[in-house]
Structure formats: C-alpha cells, structure tokens
Amino acid sequence: MAKLIYVLNGPNLNMLGTREPAIYGSDTLADIQARAATCAKSLGLEIDFRQSNVEGELVNWIQEARTKAQGIILNAGGYTHTSVAILDALQAAELPVIEVHLSNIFRRDQFRQHSYISLAATGVICGLGAKGYELALEAIADVLQRNAKQQL
Ligand code: DHK
C-alpha cells in the first residue's frame, strides 16, 4: 500500500498565482497540488494536500497526521516565523517532516530568516519555487526508505 504523506499549506498560499508572483511564482496552489500528486505516484506515495489560513486547523491536521500519515511536508507560510503551537504539534507527531518555502527566506526580511518549524524538521527546502514540493516528496521517500532499512 502507498505510504500517505500529508502536504500542508498555511496562510495566504491559497493566493498563489496572483500573490506577489515575482516572489512566489505564477503557479497556483492547484497547479502545485497536481504536480505533487503526479510526483508522489511515481515515488509510490499518496498525498493528502491541504491548505488553511487558520493556525489551529494546521495544528489539528498535524495531530491527525500522527496516526494517519507516514510523513509531513509543510509550508506553514507566515506561521513559520511565529508559531510555537505548530512546532509543538510537529514535535508531538514524531514523523519525518520536510519544511518547504517557495522563496529563499534567507534572502528576505530579517524576521523571515528564523523558522520555528525548522526545530522539528528533518530537512528544509527553500528558494526553489513550486519545484520544492517535488523535491520534498523525493526527500521524504528517501527518509522513509532509510528508516525502513534501519528497522530490518
Ligand atoms: C510563504 C509565506 O507565506 C511567507 O510568509 C514566508 C513562504 C515564506 C514561502 O516562501 O513559501 O515567509
């Protein structure tokens, strides 16, 4: 059976396509979802792709992932830089986590250069636009394979 990965997106990512395209690219979130689904299939993974503007909803989904999914890919949007609650949920989930950002947060405002999410992330991909989601899927497939081998 395909391993299930939650791909979670935070605030304002529903605006992709029209939102500051010079920073975030011209792909919509639906475009990214479609590409991610194709990529996941080729890696033998299944994705549950969601977006919310609400911090608590993201926390609820991460808690849900703990028992339903094998890994989490998360672009927490602006909550990346503010949310201890999302960090706590990720740490409690005890799953591989790949943190994704479309933009290179290290070339941007100072306040974007700190991520609470990174404290719980297995790895971080940023600055590579929509492609970052596909790279995150490849990375999580790798991590899951490595973990499975270690359990033999
Ligand atoms: C998305 C956001 O909405 C911003 O708040 C982050 C991130 C960066 C991204 O690059 O995908 O600072």
# chains A, B, ... in the order shown; residues from 1 in each chain; ligands from 1

call {"tool": "residues_near_ligand", "arguments": {"ligand": "ligand 1", "cutoff": "6 Å", "atoms": "only C-alpha atoms and all ligand atoms", "output": "list in words"}}
result
Asn12, Gly77, Gly78, His101, Leu102, Ser103, Ile105 and Arg112 of chain A

call {"tool": "write_last_selection", "arguments": {"atoms": "N, CA and C atoms", "output": "PDB file, in the first residue's frame"}}
result
ATOM      1  N   ASN A  12      -2.323  32.274   3.274  1.00  0.00           N
ATOM      2  CA  ASN A  12      -2.073  33.048   2.040  1.00  0.00           C
ATOM      3  C   ASN A  12      -1.563  32.218   0.873  1.00  0.00           C
ATOM      4  N   GLY A  77       3.740  28.955   5.702  1.00  0.00           N
ATOM      5  CA  GLY A  77       3.546  30.370   5.373  1.00  0.00           C
ATOM      6  C   GLY A  77       4.078  31.248   6.489  1.00  0.00           C
ATOM      7  N   GLY A  78       3.365  32.308   6.807  1.00  0.00           N
ATOM      8  CA  GLY A  78       3.809  33.252   7.833  1.00  0.00           C
ATOM      9  C   GLY A  78       3.919  32.632   9.216  1.00  0.00           C
ATOM     10  N   HIS A 101       9.642  26.125   1.562  1.00  0.00           N
ATOM     11  CA  HIS A 101       9.285  27.520   1.255  1.00  0.00           C
ATOM     12  C   HIS A 101       9.535  27.753  -0.214  1.00  0.00           C
ATOM     13  N   LEU A 102       8.625  28.436  -0.850  1.00  0.00           N
ATOM     14  CA  LEU A 102       8.802  28.750  -2.273  1.00  0.00           C
ATOM     15  C   LEU A 102       9.958  29.718  -2.452  1.00  0.00           C
ATOM     16  N   SER A 103       9.987  30.727  -1.591  1.00  0.00           N
ATOM     17  CA  SER A 103      11.023  31.757  -1.700  1.00  0.00           C
ATOM     18  C   SER A 103      12.224  31.372  -0.837  1.00  0.00           C
ATOM     19  N   ILE A 105      13.923  32.238   2.037  1.00  0.00           N
ATOM     20  CA  ILE A 105      13.630  33.091   3.196  1.00  0.00           C
ATOM     21  C   ILE A 105      14.899  33.762   3.747  1.00  0.00           C
ATOM     22  N   ARG A 112      11.908  36.878   8.545  1.00  0.00           N
ATOM     23  CA  ARG A 112      11.604  35.613   7.848  1.00  0.00           C
ATOM     24  C   ARG A 112      12.763  34.626   7.958  1.00  0.00           C
TER      25      ARG A 112
END

call {"tool": "select_by_dssp", "arguments": {"residues": "chain A", "states": "helix (DSSP H, G or I)", "output": "JSON, numbers by chain"}}
result
{"A": [13, 14, 15, 21, 22, 23, 24, 29, 30, 31, 32, 33, 34, 35, 36, 37, 38, 39, 40, 41, 42, 55, 56, 57, 58, 59, 60, 61, 62, 63, 64, 65, 66, 67, 68, 77, 78, 79, 80, 81, 84, 85, 86, 87, 88, 89, 90, 91, 92, 93, 105, 106, 107, 110, 111, 112, 113, 117, 118, 119, 120, 131, 132, 133, 134, 135, 136, 137, 138, 139, 140, 141, 142, 143, 144, 145, 146, 147, 148, 149, 150]}

call {"tool": "closest_atom_pairs", "arguments": {"of": "range 8-28 of chain A", "to": "range 41-55 of chain A", "cutoff": "9 Å", "atoms": "only C-alpha atoms", "output": "CSV"}}
result
residue,atom,partner,partner_atom,distance
A:Leu8,CA,A:Arg50,CA,5.1
A:Asn9,CA,A:Gln51,CA,4.4
A:Gly10,CA,A:Ser52,CA,5.2
A:Pro11,CA,A:Asn53,CA,3.9
A:Asn12,CA,A:Asn53,CA,6.5
A:Leu13,CA,A:Gln51,CA,7.2
A:Asn14,CA,A:Gln51,CA,6.9

call {"tool": "atom_distance", "arguments": {"atom1": "CA of Gln63 in chain A", "atom2": "CA of Ala76 in chain A"}}
result
14.8 Å

call {"tool": "residues_around", "arguments": {"residues": "Gly17 in chain A", "least_positions_apart": "6", "cutoff": "8 Å", "atoms": "only C-alpha atoms", "output": "list in words"}}
result
Tyr24, Gly25, Ser26, Asp27, Thr28 and Leu29 of chain A

call {"tool": "residues_around", "arguments": {"residues": "Ala92 in chain A", "least_positions_apart": "2", "cutoff": "9 Å", "atoms": "only C-alpha atoms", "output": "PDB file with C-alpha atoms, in the first residue's frame"}}
result
ATOM      1  CA  ILE A  62      -0.647  17.706  12.221  1.00  0.00           C
ATOM      2  CA  GLN A  63      -2.167  15.894  15.215  1.00  0.00           C
ATOM      3  CA  ARG A  66       0.441  11.453  13.772  1.00  0.00           C
ATOM      4  CA  LEU A  87       6.249  23.469  16.353  1.00  0.00           C
ATOM      5  CA  ASP A  88       4.798  21.666  19.393  1.00  0.00           C
ATOM      6  CA  ALA A  89       2.376  19.705  17.203  1.00  0.00           C
ATOM      7  CA  LEU A  90       5.190  18.658  14.850  1.00  0.00           C
ATOM      8  CA  GLU A  94       7.151  12.096  15.756  1.00  0.00           C
ATOM      9  CA  LEU A  95       7.107  11.835  11.953  1.00  0.00           C
TER      10      LEU A  95
END

call {"tool": "residues_around", "arguments": {"residues": "range 140-146 of chain A", "least_positions_apart": "3", "cutoff": "12 Å", "atoms": "only C-alpha atoms", "output": "count of residues only"}}
result
41

call {"tool": "closest_residue", "arguments": {"among": "A:Ala22, A:Ala37, A:Val84, A:Ala93", "to": "Asn60 in chain A", "atoms": "only C-alpha atoms"}}
result
A:Ala93
